[in-house]
$ cat input_9.txt   # compact mmCIF, C-alpha atoms
# COMPACT_ATOMS: atom_id res chain seq x y z
CA MET A 56 8.12 -14.79 -10.54
CA PRO A 57 4.88 -15.85 -12.27
CA LEU A 58 3.13 -13.66 -14.83
CA ALA A 59 0.11 -13.46 -12.53
CA LEU A 60 2.09 -10.90 -10.51
CA LEU A 61 2.08 -8.65 -13.58
CA ALA A 62 -1.71 -8.56 -13.51
CA LEU A 63 -1.62 -7.62 -9.83
CA ALA A 64 0.98 -4.92 -10.55
CA VAL A 65 -1.15 -3.42 -13.35
CA SER A 66 -4.09 -3.28 -10.97
CA ALA A 67 -1.92 -1.64 -8.32
CA PHE A 68 -0.77 0.91 -10.92
CA GLY A 69 -4.36 1.98 -11.56
CA ILE A 70 -5.18 2.14 -7.84
CA GLY A 71 -2.05 4.14 -7.06
CA THR A 72 -2.75 6.60 -9.87
CA THR A 73 -6.30 7.39 -8.77
CA GLU A 74 -5.30 7.56 -5.08
CA PHE A 75 -2.59 10.22 -5.47
CA VAL A 76 -3.59 12.15 -8.60
CA MET A 77 -6.30 14.14 -6.81
CA MET A 78 -3.64 16.08 -4.89
CA GLY A 79 -2.43 17.62 -8.15
CA LEU A 80 -5.91 18.22 -9.58
CA LEU A 81 -7.53 20.00 -6.62
CA PRO A 82 -7.22 23.52 -8.14
CA ASN A 83 -8.68 22.32 -11.46
CA VAL A 84 -11.59 20.55 -9.79
CA ALA A 85 -12.28 23.53 -7.51
CA ASP A 86 -12.37 25.97 -10.45
CA ASP A 87 -14.57 23.73 -12.59
CA LEU A 88 -17.11 22.93 -9.85
CA GLY A 89 -17.17 26.37 -8.26
CA THR A 90 -15.73 25.49 -4.86
CA SER A 91 -12.61 26.35 -2.88
CA VAL A 92 -9.40 24.33 -2.84
CA PRO A 93 -9.75 23.50 0.90
CA THR A 94 -13.28 22.24 0.25
CA ALA A 95 -12.05 20.25 -2.73
CA GLY A 96 -9.61 18.62 -0.31
CA TYR A 97 -12.56 16.60 0.99
CA LEU A 98 -12.17 14.55 -2.19
CA VAL A 99 -8.88 13.20 -0.81
CA SER A 100 -10.56 12.43 2.50
CA ALA A 101 -13.52 10.75 0.78
CA TYR A 102 -11.20 8.29 -0.94
CA ALA A 103 -9.30 7.59 2.30
CA ILE A 104 -12.55 6.99 4.21
CA GLY A 105 -13.63 4.59 1.48
CA VAL A 106 -10.38 2.64 1.93
CA VAL A 107 -10.68 2.54 5.73
CA LEU A 108 -14.29 1.32 5.67
CA GLY A 109 -14.07 -0.85 2.59
CA ALA A 110 -11.05 -2.92 3.61
CA PRO A 111 -12.66 -4.83 6.51
CA LEU A 112 -16.23 -4.66 5.13
CA LEU A 113 -15.57 -6.03 1.64
CA THR A 114 -12.98 -8.51 2.87
CA GLY A 115 -15.48 -9.89 5.36
CA LEU A 116 -18.29 -10.07 2.81
CA GLY A 117 -16.00 -11.82 0.33
CA SER A 118 -14.39 -14.24 2.78
CA ARG A 119 -15.98 -17.25 1.04
CA VAL A 120 -15.52 -15.96 -2.52
CA PRO A 121 -12.70 -17.58 -4.56
CA ARG A 122 -9.65 -15.31 -4.66
CA LYS A 123 -9.58 -14.70 -8.41
CA LYS A 124 -13.29 -13.88 -8.55
CA MET A 125 -12.89 -11.56 -5.58
CA LEU A 126 -10.05 -9.69 -7.29
CA LEU A 127 -12.18 -9.25 -10.42
CA LEU A 128 -15.18 -8.00 -8.43
CA LEU A 129 -13.04 -5.51 -6.53
CA MET A 130 -11.42 -4.18 -9.69
CA ALA A 131 -14.87 -3.86 -11.29
CA LEU A 132 -16.02 -1.74 -8.34
CA PHE A 133 -12.85 0.37 -8.67
CA THR A 134 -13.57 0.92 -12.38
CA ILE A 135 -17.20 1.90 -11.71
CA GLY A 136 -16.09 4.36 -9.02
CA ASN A 137 -13.68 6.11 -11.38
CA LEU A 138 -16.23 6.19 -14.18
CA ALA A 139 -18.74 7.72 -11.76
CA SER A 140 -16.14 10.33 -10.79
CA ALA A 141 -15.55 11.24 -14.45
CA LEU A 142 -19.29 11.66 -15.06
CA ALA A 143 -20.16 13.38 -11.77
CA PRO A 144 -22.52 16.33 -12.45
CA ASP A 145 -21.58 18.24 -9.29
CA PHE A 146 -19.25 18.23 -6.29
CA GLY A 147 -21.46 16.01 -4.13
CA TRP A 148 -21.58 13.29 -6.76
CA LEU A 149 -17.81 13.54 -7.21
CA VAL A 150 -17.33 12.99 -3.47
CA ALA A 151 -19.54 9.89 -3.75
CA GLY A 152 -17.55 8.66 -6.76
CA ARG A 153 -14.26 9.07 -4.92
CA PHE A 154 -15.64 7.23 -1.91
CA LEU A 155 -16.83 4.39 -4.16
CA ALA A 156 -13.43 4.18 -5.90
CA GLY A 157 -11.71 3.94 -2.52
CA LEU A 158 -13.89 1.13 -1.15
CA PRO A 159 -12.09 -1.76 -2.94
CA HIS A 160 -8.57 -0.39 -2.41
CA GLY A 161 -7.66 -2.08 0.87
CA ALA A 162 -9.54 -5.29 0.15
CA PHE A 163 -7.82 -5.63 -3.23
CA PHE A 164 -4.34 -5.25 -1.79
CA GLY A 165 -5.27 -7.52 1.10
CA VAL A 166 -6.47 -10.33 -1.16
CA GLY A 167 -3.78 -9.57 -3.76
CA ALA A 168 -0.98 -9.85 -1.21
CA VAL A 169 -2.23 -13.26 -0.09
CA VAL A 170 -2.52 -14.42 -3.71
CA ALA A 171 0.97 -13.12 -4.55
CA ALA A 172 2.48 -14.94 -1.57
CA ARG A 173 0.73 -18.17 -2.52
CA LEU A 174 2.09 -18.13 -6.07
CA VAL A 175 5.77 -18.49 -5.14
CA ALA A 176 8.11 -20.67 -3.13
CA GLU A 177 9.02 -20.36 0.53
CA GLY A 178 11.52 -17.58 1.09
CA ARG A 179 10.19 -15.52 -1.84
CA GLN A 180 6.82 -14.39 -0.50
CA ALA A 181 7.95 -10.89 0.44
CA ARG A 182 9.52 -10.40 -2.99
CA ALA A 183 6.24 -11.46 -4.60
CA VAL A 184 4.27 -8.97 -2.49
CA ALA A 185 6.85 -6.25 -3.24
CA THR A 186 6.48 -7.00 -6.97
CA MET A 187 2.76 -6.33 -6.74
CA PHE A 188 3.45 -3.09 -4.87
CA LEU A 189 5.82 -2.01 -7.66
CA GLY A 190 2.70 -1.09 -9.61
CA LEU A 191 1.84 1.34 -6.83
CA THR A 192 5.30 2.91 -6.86
CA VAL A 193 5.50 3.12 -10.66
CA ALA A 194 2.16 4.95 -10.54
CA ASN A 195 3.93 7.72 -8.64
CA ILE A 196 6.69 7.91 -11.27
CA VAL A 197 4.57 7.72 -14.41
CA GLY A 198 0.85 7.51 -13.64
CA VAL A 199 0.37 10.45 -11.29
CA PRO A 200 2.51 13.00 -13.21
CA ALA A 201 1.02 11.94 -16.57
CA ALA A 202 -2.54 11.94 -15.22
CA THR A 203 -1.98 15.35 -13.64
CA LEU A 204 -0.75 16.81 -16.94
CA LEU A 205 -3.68 15.20 -18.75
CA GLY A 206 -6.13 16.72 -16.28
CA GLN A 207 -4.53 20.13 -16.57
CA HIS A 208 -4.76 20.15 -20.38
CA LEU A 209 -7.91 18.13 -21.15
CA GLY A 210 -9.82 18.55 -17.90
CA TRP A 211 -9.91 16.50 -14.74
CA ARG A 212 -12.72 14.30 -16.08
CA ALA A 213 -10.36 12.93 -18.74
CA THR A 214 -8.04 11.74 -15.99
CA PHE A 215 -10.69 9.56 -14.37
CA LEU A 216 -11.84 8.21 -17.73
CA VAL A 217 -8.28 7.05 -18.41
CA VAL A 218 -8.03 5.48 -14.94
CA ALA A 219 -11.31 3.65 -15.60
CA ALA A 220 -9.77 2.32 -18.83
CA ILE A 221 -6.75 1.12 -16.82
CA GLY A 222 -9.20 -0.66 -14.53
CA LEU A 223 -10.71 -2.50 -17.52
CA ALA A 224 -7.23 -3.49 -18.73
CA ALA A 225 -6.38 -4.74 -15.24
CA MET A 226 -9.55 -6.86 -15.16
CA ALA A 227 -8.56 -8.44 -18.49
CA ALA A 228 -5.06 -9.20 -17.16
CA LEU A 229 -6.44 -10.69 -13.94
CA ALA A 230 -8.87 -12.89 -15.87
CA ARG A 231 -6.15 -14.12 -18.21
CA LEU A 232 -3.11 -14.51 -15.93
CA VAL A 233 -4.23 -15.20 -12.35
CA PRO A 234 -4.89 -18.90 -11.65
CA ARG A 235 -8.03 -20.11 -9.96
CA ILE A 236 -7.34 -20.14 -6.22
CA PRO A 237 -10.28 -21.50 -4.21
CA VAL A 238 -11.08 -20.44 -0.67
CA GLU A 239 -10.09 -22.94 1.98
CA ALA A 240 -12.96 -24.94 3.46
CA HIS A 241 -12.32 -23.63 6.97
CA GLN A 242 -12.06 -19.99 5.92
CA ASP A 243 -14.79 -17.69 7.21
CA VAL A 244 -15.19 -14.17 8.55
CA ARG A 245 -15.21 -15.28 12.19
CA ARG A 246 -11.80 -16.90 11.81
CA GLU A 247 -10.52 -13.74 10.10
CA LEU A 248 -11.85 -11.55 12.93
CA ARG A 249 -10.18 -13.74 15.54
CA ALA A 250 -6.91 -13.47 13.66
CA LEU A 251 -7.29 -9.70 13.57
CA GLY A 252 -7.45 -9.70 17.38
CA ASN A 253 -3.95 -11.19 17.64
CA ARG A 254 -1.77 -8.84 19.71
CA GLN A 255 1.08 -8.91 17.20
CA VAL A 256 -1.31 -8.09 14.35
CA LEU A 257 -2.75 -5.12 16.26
CA LEU A 258 0.74 -3.85 17.10
CA GLY A 259 1.69 -4.21 13.44
CA LEU A 260 -1.31 -2.14 12.38
CA LEU A 261 -0.49 0.49 15.01
CA THR A 262 3.09 0.61 13.73
CA ALA A 263 1.75 1.32 10.24
CA VAL A 264 -0.49 4.14 11.50
CA PHE A 265 2.33 6.00 13.28
CA GLY A 266 5.33 5.05 11.13
CA PHE A 267 3.80 5.76 7.72
CA ALA A 268 2.15 8.94 8.99
CA GLY A 269 5.68 10.34 9.10
CA VAL A 270 5.93 9.95 5.33
CA PHE A 271 2.64 11.68 4.60
CA ALA A 272 3.30 14.54 6.97
CA VAL A 273 5.82 15.67 4.32
CA TYR A 274 4.47 14.15 1.10
CA SER A 275 1.11 15.91 1.47
CA TYR A 276 2.89 19.29 1.29
CA LEU A 277 5.74 18.37 -1.05
CA SER A 278 4.30 20.46 -3.89
CA ALA A 279 4.19 23.58 -1.70
CA MET A 280 7.68 22.85 -0.31
CA THR A 281 9.00 22.59 -3.88
CA THR A 282 8.08 26.18 -4.68
CA LYS A 283 8.18 27.85 -1.26
CA ALA A 284 11.18 26.17 0.39
CA MET A 285 13.31 24.57 -2.33
CA GLY A 286 13.04 27.57 -4.66
CA PHE A 287 11.85 25.70 -7.75
CA GLY A 288 9.17 26.94 -10.14
CA GLU A 289 5.73 25.38 -10.45
CA SER A 290 6.84 23.55 -13.59
CA SER A 291 9.27 21.52 -11.45
CA VAL A 292 6.58 20.09 -9.16
CA THR A 293 5.95 17.15 -11.52
CA LEU A 294 9.68 16.33 -11.54
CA VAL A 295 9.88 16.38 -7.74
CA LEU A 296 6.84 14.11 -7.43
CA ALA A 297 8.38 11.74 -9.97
CA LEU A 298 11.63 11.64 -7.97
CA PHE A 299 9.64 10.72 -4.89
CA GLY A 300 8.07 7.91 -6.92
CA ILE A 301 11.51 6.71 -8.05
CA GLY A 302 12.54 6.56 -4.40
CA MET A 303 9.40 4.55 -3.59
CA THR A 304 10.28 2.06 -6.34
CA LEU A 305 13.87 1.67 -5.12
CA GLY A 306 12.57 1.11 -1.60
CA ALA A 307 10.11 -1.54 -2.78
CA LEU A 308 12.83 -3.35 -4.75
CA ALA A 309 15.12 -3.43 -1.72
CA ALA A 310 12.40 -4.31 0.79
CA GLY A 311 11.40 -7.61 -0.82
CA PRO A 312 14.63 -9.61 -0.48
CA LEU A 313 15.53 -7.91 2.82
CA THR A 314 12.17 -8.83 4.32
CA ASP A 315 12.48 -12.42 3.12
CA ARG A 316 15.86 -12.60 4.87
CA ALA A 317 14.99 -10.84 8.14
CA LEU A 318 11.58 -9.25 8.63
CA ARG A 319 11.85 -7.36 11.90
CA PRO A 320 15.37 -5.98 11.32
CA THR A 321 14.19 -4.65 7.96
CA LEU A 322 11.24 -2.96 9.66
CA TYR A 323 13.41 -1.46 12.42
CA GLY A 324 16.02 -0.27 9.94
CA SER A 325 13.53 1.36 7.58
CA LEU A 326 11.70 3.20 10.37
CA GLY A 327 14.98 4.37 11.91
CA ALA A 328 16.27 5.55 8.52
CA LEU A 329 12.96 7.33 7.92
CA ALA A 330 13.34 9.28 11.17
CA VAL A 331 16.92 10.27 10.25
CA VAL A 332 15.95 11.43 6.75
CA LEU A 333 13.03 13.48 8.10
CA VAL A 334 15.24 15.22 10.66
CA ALA A 335 17.85 16.01 8.00
CA PHE A 336 15.33 17.17 5.39
CA PRO A 337 14.77 20.76 6.67
CA PHE A 338 18.54 21.37 6.88
CA THR A 339 19.14 20.40 3.24
CA VAL A 340 16.01 21.71 1.59
CA HIS A 341 17.53 25.10 0.66
CA VAL A 342 20.30 23.47 -1.40
CA GLN A 343 18.44 22.36 -4.49
CA TRP A 344 20.51 19.33 -5.48
CA ALA A 345 20.58 18.12 -1.87
CA ALA A 346 16.83 18.66 -1.57
CA LEU A 347 16.22 16.46 -4.62
CA VAL A 348 18.43 13.72 -3.16
CA MET A 349 16.49 13.88 0.10
CA VAL A 350 13.18 13.57 -1.78
CA VAL A 351 14.41 10.31 -3.36
CA LEU A 352 15.67 9.04 0.01
CA LEU A 353 12.38 9.94 1.69
CA GLY A 354 10.42 7.92 -0.86
CA ALA A 355 12.84 4.98 -0.57
CA VAL A 356 13.00 4.60 3.22
CA GLY A 357 9.33 5.47 3.62
CA PHE A 358 8.13 2.78 1.26
CA MET A 359 10.60 0.21 2.60
CA THR A 360 8.33 -0.01 5.65
CA THR A 361 5.31 -1.26 3.70
CA THR A 362 6.49 -4.76 2.69
CA PRO A 363 7.70 -5.88 6.15
CA LEU A 364 4.53 -4.52 7.75
CA GLN A 365 2.39 -6.32 5.18
CA MET A 366 4.24 -9.61 5.69
CA LEU A 367 4.21 -9.21 9.48
CA VAL A 368 0.43 -9.00 9.78
CA MET A 369 -0.03 -11.80 7.23
CA ASN A 370 2.37 -14.10 9.11
CA LYS A 371 0.98 -13.32 12.55
CA ALA A 372 -2.60 -13.83 11.35
CA LYS A 373 -1.48 -17.37 10.43
CA ASP A 374 -4.17 -19.21 8.47
CA ALA A 375 -6.56 -16.24 8.24
CA PRO A 376 -4.35 -13.49 6.80
CA THR A 377 -6.69 -11.77 4.34
CA LEU A 378 -8.59 -9.45 6.68
CA ALA A 379 -5.39 -8.56 8.55
CA SER A 380 -3.67 -7.82 5.24
CA ALA A 381 -6.56 -5.65 4.05
CA SER A 382 -6.77 -3.87 7.41
CA ASN A 383 -3.12 -2.94 6.99
CA HIS A 384 -4.20 -0.69 4.12
CA SER A 385 -6.82 0.89 6.34
CA ALA A 386 -3.97 1.62 8.75
CA PHE A 387 -1.89 3.14 5.95
CA ASN A 388 -4.76 5.42 4.94
CA LEU A 389 -5.31 6.48 8.54
CA ALA A 390 -1.61 7.31 8.47
CA ASN A 391 -2.13 9.34 5.29
CA ALA A 392 -4.93 11.36 6.84
CA GLY A 393 -3.29 11.76 10.25
CA GLY A 394 0.12 12.69 8.85
CA ALA A 395 -1.37 15.26 6.50
CA TRP A 396 -3.44 16.78 9.32
CA LEU A 397 -0.54 17.03 11.76
CA GLY A 398 1.73 18.46 9.08
CA GLY A 399 -0.91 21.07 8.29
CA VAL A 400 -1.20 21.96 11.98
CA ALA A 401 2.55 22.63 12.09
CA ILE A 402 2.38 24.90 9.02
CA ALA A 403 -0.71 26.73 10.32
CA ALA A 404 1.09 27.34 13.62
CA GLY A 405 3.69 29.37 11.72
CA TRP A 406 6.56 26.89 12.14
CA GLY A 407 7.48 27.05 8.47
CA TRP A 408 6.94 24.97 5.35
CA THR A 409 9.53 22.37 6.36
CA SER A 410 8.15 21.89 9.87
CA PRO A 411 6.07 18.83 8.84
CA ALA A 412 9.37 16.97 8.49
CA PHE A 413 10.03 17.31 12.24
CA VAL A 414 6.46 16.20 12.95
CA GLY A 415 7.06 13.22 10.67
CA ALA A 416 10.28 12.33 12.48
CA VAL A 417 8.43 12.17 15.80
CA LEU A 418 5.79 9.93 14.24
CA ALA A 419 8.45 7.65 12.73
CA VAL A 420 10.17 7.30 16.11
CA ALA A 421 6.81 6.46 17.68
CA GLY A 422 6.27 3.78 15.03
CA LEU A 423 9.75 2.40 15.68
CA ALA A 424 9.05 2.26 19.43
CA ILE A 425 5.82 0.32 18.82
CA ALA A 426 7.59 -2.07 16.44
CA ALA A 427 10.41 -2.64 18.94
CA THR A 428 7.89 -3.29 21.71
CA ALA A 429 6.11 -5.83 19.51
CA GLY A 430 9.43 -7.53 18.76
CA TYR A 431 10.33 -7.67 22.45
CA LEU A 432 6.97 -9.18 23.34
CA ASP A 433 7.30 -11.67 20.51
CA ARG A 434 10.73 -12.73 21.74
CA GLY A 435 9.39 -12.98 25.28
CA GLU A 436 6.87 -15.52 24.02
CA GLY A 437 9.75 -17.66 22.76
CA LYS A 438 9.61 -16.48 19.17
CA GLY A 439 12.57 -15.00 17.33
CA SER A 440 12.50 -11.56 15.81
CA ARG A 441 13.95 -12.79 12.53
CA VAL A 442 11.51 -14.28 10.06
CA VAL A 443 13.47 -16.66 7.88
CA ALA A 444 12.09 -19.75 6.15
CA ALA A 445 13.08 -22.73 8.20
CA HIS A 446 12.35 -25.38 5.59
CA LYS A 447 13.50 -25.80 2.05
CA SER A 448 10.72 -25.80 -0.48
CA ARG A 449 9.80 -29.09 -2.08
CA PRO A 450 9.45 -29.11 -5.88
CA ALA A 451 5.86 -29.18 -7.00
CA PRO A 452 4.61 -32.23 -8.82
CA SER A 453 4.10 -31.92 -12.53
CA SER A 454 0.36 -32.12 -12.03
CA ALA A 455 -1.40 -28.81 -12.50
CA ARG A 456 -3.42 -29.26 -9.31
CA PRO A 457 -1.74 -29.95 -5.96
CA ALA A 458 -3.59 -31.05 -2.87
CA ALA A 459 -6.36 -28.70 -1.82
CA HIS A 460 -5.06 -28.03 1.68
CA PRO A 461 -1.33 -28.77 1.96
CA ALA A 462 0.46 -28.58 5.27
CA ARG A 463 2.23 -25.29 5.85
CA PRO A 464 5.70 -25.18 7.36
CA ALA A 465 6.49 -22.67 10.04
CA PHE A 466 9.03 -19.88 10.17
CA GLU A 467 11.67 -19.93 12.87
CA ASP A 468 9.68 -17.44 14.91
CA GLY A 469 6.66 -19.73 14.95
CA THR A 470 4.63 -17.99 12.24
CA VAL A 471 3.18 -19.85 9.28
CA THR A 472 4.30 -19.26 5.73
CA PRO A 473 1.69 -17.73 3.44
CA GLY A 474 2.48 -20.34 0.77
CA GLY A 475 2.56 -24.07 1.04
CA PRO A 476 5.44 -26.47 0.44
CA GLU A 477 4.01 -27.22 -2.96
CA ALA A 478 5.13 -23.83 -4.24
CA THR A 479 8.15 -23.65 -6.54
CA SER A 480 10.54 -20.86 -7.28
CA ALA A 481 8.88 -20.24 -10.62
CA PRO A 482 5.39 -21.70 -10.56
CA GLY A 483 3.28 -21.76 -13.62
CA PRO A 484 -0.24 -20.38 -13.84
CA SER A 485 -1.78 -23.56 -12.49
CA GLY A 486 -3.98 -23.09 -9.46
CA HIS A 487 -2.55 -23.39 -5.97
CA SER A 488 -4.72 -23.75 -2.91
CA SER A 489 -5.32 -20.52 -1.05

$ encode --input "input_9.txt" --output "structure tokens"
Amino acid sequence: MPLALLALAVSAFGIGTTEFVMMGLLPNVADDLGTSVPTAGYLVSAYAIGVVLGAPLLTGLGSRVPRKKMLLLLMALFTIGNLASALAPDFGWLVAGRFLAGLPHGAFFGVGAVVAARLVAEGRQARAVATMFLGLTVANIVGVPAATLLGQHLGWRATFLVVAAIGLAAMAALARLVPRIPVEAHQDVRRELRALGNRQVLLGLLTAVFGFAGVFAVYSYLSAMTTKAMGFGESSVTLVLALFGIGMTLGALAAGPLTDRALRPTLYGSLGALAVVLVAFPFTVHVQWAALVMVVLLGAVGFMTTTPLQMLVMNKAKDAPTLASASNHSAFNLANAGGAWLGGVAIAAGWGWTSPAFVGAVLAVAGLAIAATAGYLDRGEGKGSRVVAAHKSRPAPSSARPAAHPARPAFEDGTVTPGGPEATSAPGPSGHSS
């Protein structure tokens, strides 16, 4: 795997930290700015709305911008948003800062996933994308707990200053390690929009909305479940969140090679396992060691869905995958908001603190049904459900610059590989065509 993936992972670490840390800082922000915790919850929504709107908007506006430059511009906007959050004089300005920080989120992962896939050989694209996402999962092990503790002891503003510093470090890594990858001559926003209208892409996005909502129906209330259902003290909340992050990392590590081998079966298996874990969760939550095991499993099977969904929409969008890839993150954030809302409805109805797990199981089953329907329709069109590279990669020439627009071999199911045949199993930092 090329070092450029490290720069993408560092960027993902910063994005993941700022996305999830607000959940642990809501009481601190509410006290400091003189508002209630429920009102402070709008800060989570502001970020999510920024992601949903920013993913298609910024991706479309940057459709003709070279990939590396686009990544740098998006990370600069992310850094400015976090700096604005740290310096916000009142609650309204903080909401604006969170919205601004969320705008580049989806577009960055959309462009970054395409870049990651283009840096490696056929049959390794999903592992490359999963490597980038490792930064997001490690953020939940290290970044979010550490940033939460920092905010609790030095104030929430210090947290966003540190995240802004991570953004600057990520920009330096991107500038140094990511090769120049020009935009293809035929690439434009109209082509991207047409690709987004592909039925398989839309079904993939819908799968993400329902399937991943099952994860957030529980994760949004995991802190409360830790103290009110599992019987742990407040000091254990950080540990439980870190265990969830460890599970996410294990899921990401497993998802890469599994997705490269068989995309749809990996998606079906992860969604089915997610439903099973969510159903079992309420029955084990009162046994502390079992509850901790289930938290790890929930993070693992939940995050295993992200890589196959990301690769699915990229493959089905064929030669215009960027907007579809970015829109996938809009779908994930709709899932975050919807899952949290439905889980809260279950708790407010008096069904108990573990009731969001049953809500999540229903959502996961719905996502599985949509994914299975998409697979059936795909097979009915004469395309296999397994996505396995059908051609062996050809070693790249020693020249640092391959042809600008190489031919792209197809997968067995008729989709087009994100990379070209010029990719090698361990490419150097020389530029490959996007």

$ residues_around --input "input_9.txt" --residues "Ala110 of chain A" --least-positions-apart "4" --cutoff "6 Å" --atoms "only C-alpha atoms" --output "ChimeraX atom specification"
/A:106,114,161-162,381-382

$ write_last_selection --input "input_9.txt" --atoms "C-alpha atoms" --output "tab-separated table (two decimals), in the coordinates of the input"
chain	number	residue	atom	x	y	z
A	106	VAL	CA	-10.38	2.64	1.93
A	114	THR	CA	-12.98	-8.51	2.87
A	161	GLY	CA	-7.66	-2.08	0.87
A	162	ALA	CA	-9.54	-5.29	0.15
A	381	ALA	CA	-6.56	-5.65	4.05
A	382	SER	CA	-6.77	-3.87	7.41

$ atom_distance --input "input_9.txt" --atom1 "atom CA of Ile425 of chain A" --atom2 "atom CA of Leu257 of chain A"
10.5 Å

$ closest_residue --input "input_9.txt" --among "A:Phe154, A:Tyr102, A:Phe133, A:Phe387" --to "Leu261 of chain A" --atoms "only C-alpha atoms"
A:Phe387

$ closest_residue --input "input_9.txt" --among "A:Gly198, A:Val417, A:Ala317, A:Leu191" --to "Val332 of chain A" --atoms "all atoms listed in the file"
A:Val417

$ atom_distance --input "input_9.txt" --atom1 "atom CA of Met366 of chain A" --atom2 "atom CA of Ala172 of chain A"
9.2 Å

$ residues_around --input "input_9.txt" --residues "Ser66 of chain A" --least-positions-apart "3" --cutoff "10 Å" --atoms "only C-alpha atoms" --output "JSON, numbers by chain"
{"A": [60, 61, 62, 63, 69, 70, 71, 126, 130, 133, 163, 164, 167, 187, 188, 190, 191, 221, 222, 223, 224, 225, 226, 228, 229]}

$ closest_residue --input "input_9.txt" --among "A:Leu98, A:Ala330, A:Leu149, A:Val218" --to "Ala424 of chain A" --atoms "all atoms listed in the file"
A:Ala330

$ residues_around --input "input_9.txt" --residues "Pro82 of chain A" --least-positions-apart "3" --cutoff "12 Å" --atoms "only C-alpha atoms" --output "ChimeraX atom specification"
/A:76-79,85-96,98,203,206-207,210-211

$ atom_distance --input "input_9.txt" --atom1 "atom CA of Val414 of chain A" --atom2 "atom CA of Met349 of chain A"
16.5 Å

$ closest_residue --input "input_9.txt" --among "A:Gln365, A:Asn370, A:Thr134, A:Ser118" --to "Leu260 of chain A" --atoms "all atoms listed in the file"
A:Gln365

$ axis_aligned_box --input "input_9.txt" --around "segment 145-161 of chain A" --padding-each-side "3 Å" --output "AutoDock Vina command-line options"
--center_x -14.6 --center_y 8.1 --center_z -4.2 --size_x 19.9 --size_y 26.3 --size_z 16.2

$ residues_around --input "input_9.txt" --residues "Gly152 of chain A" --least-positions-apart "2" --cutoff "8 Å" --atoms "all atoms listed in the file" --output "NGL selection string"
:A and (136-140 or 143 or 148-150 or 154-156)

$ write_last_selection --input "input_9.txt" --atoms "C-alpha atoms" --output "compact mmCIF listing (two decimals), in the coordinates of the input"
# COMPACT_ATOMS: atom_id res chain seq x y z
CA GLY A 136 -16.09 4.36 -9.02
CA ASN A 137 -13.68 6.11 -11.38
CA LEU A 138 -16.23 6.19 -14.18
CA ALA A 139 -18.74 7.72 -11.76
CA SER A 140 -16.14 10.33 -10.79
CA ALA A 143 -20.16 13.38 -11.77
CA TRP A 148 -21.58 13.29 -6.76
CA LEU A 149 -17.81 13.54 -7.21
CA VAL A 150 -17.33 12.99 -3.47
CA PHE A 154 -15.64 7.23 -1.91
CA LEU A 155 -16.83 4.39 -4.16
CA ALA A 156 -13.43 4.18 -5.90

$ residues_near_point --input "input_9.txt" --point "(9.7, 8.7, 6.5)" --cutoff "8 Å" --atoms "all atoms listed in the file" --output "PDB file with C-alpha atoms, in the frame of the given file"
ATOM      1  CA  GLY A 266       5.330   5.050  11.130  1.00  0.00           C
ATOM      2  CA  PHE A 267       3.800   5.760   7.720  1.00  0.00           C
ATOM      3  CA  ALA A 268       2.150   8.940   8.990  1.00  0.00           C
ATOM      4  CA  GLY A 269       5.680  10.340   9.100  1.00  0.00           C
ATOM      5  CA  VAL A 270       5.930   9.950   5.330  1.00  0.00           C
ATOM      6  CA  PHE A 271       2.640  11.680   4.600  1.00  0.00           C
ATOM      7  CA  LEU A 326      11.700   3.200  10.370  1.00  0.00           C
ATOM      8  CA  ALA A 328      16.270   5.550   8.520  1.00  0.00           C
ATOM      9  CA  LEU A 329      12.960   7.330   7.920  1.00  0.00           C
ATOM     10  CA  ALA A 330      13.340   9.280  11.170  1.00  0.00           C
ATOM     11  CA  VAL A 332      15.950  11.430   6.750  1.00  0.00           C
ATOM     12  CA  LEU A 333      13.030  13.480   8.100  1.00  0.00           C
ATOM     13  CA  LEU A 353      12.380   9.940   1.690  1.00  0.00           C
ATOM     14  CA  GLY A 354      10.420   7.920  -0.860  1.00  0.00           C
ATOM     15  CA  VAL A 356      13.000   4.600   3.220  1.00  0.00           C
ATOM     16  CA  GLY A 357       9.330   5.470   3.620  1.00  0.00           C
ATOM     17  CA  GLY A 415       7.060  13.220  10.670  1.00  0.00           C
ATOM     18  CA  ALA A 416      10.280  12.330  12.480  1.00  0.00           C
ATOM     19  CA  ALA A 419       8.450   7.650  12.730  1.00  0.00           C
TER      20      ALA A 419
END

$ closest_residue --input "input_9.txt" --among "A:Leu158, A:Ala67, A:Ala220, A:Val120" --to "Ala141 of chain A" --atoms "all atoms listed in the file"
A:Ala220

$ closest_residue --input "input_9.txt" --among "A:Ala379, A:Ala345, A:Leu174, A:Leu209" --to "Asn253 of chain A" --atoms "all atoms listed in the file"
A:Ala379

$ residues_around --input "input_9.txt" --residues "Val233 of chain A" --least-positions-apart "2" --cutoff "7 Å" --atoms "all atoms listed in the file" --output "JSON, numbers by chain"
{"A": [59, 123, 229, 230, 231, 235, 484]}

$ decode --input "input_9.txt" --residues "segment 352-363 of chain A" --atoms "C-alpha atoms" --output "mmCIF file, in the first residue's frame"
data_model
loop_
_atom_site.group_PDB
_atom_site.id
_atom_site.type_symbol
_atom_site.label_atom_id
_atom_site.label_comp_id
_atom_site.auth_asym_id
_atom_site.auth_seq_id
_atom_site.Cartn_x
_atom_site.Cartn_y
_atom_site.Cartn_z
ATOM 1 C CA LEU A 352 -19.137 -6.839 17.981
ATOM 2 C CA LEU A 353 -21.583 -4.027 17.241
ATOM 3 C CA GLY A 354 -18.760 -1.747 16.123
ATOM 4 C CA ALA A 355 -17.196 -4.519 14.021
ATOM 5 C CA VAL A 356 -20.252 -5.729 12.093
ATOM 6 C CA GLY A 357 -21.644 -2.210 11.794
ATOM 7 C CA PHE A 358 -18.531 -0.799 10.185
ATOM 8 C CA MET A 359 -18.047 -3.847 7.963
ATOM 9 C CA THR A 360 -20.965 -2.513 5.917
ATOM 10 C CA THR A 361 -19.205 0.723 4.942
ATOM 11 C CA THR A 362 -16.467 -0.602 2.625
ATOM 12 C CA PRO A 363 -18.714 -2.826 0.443
#
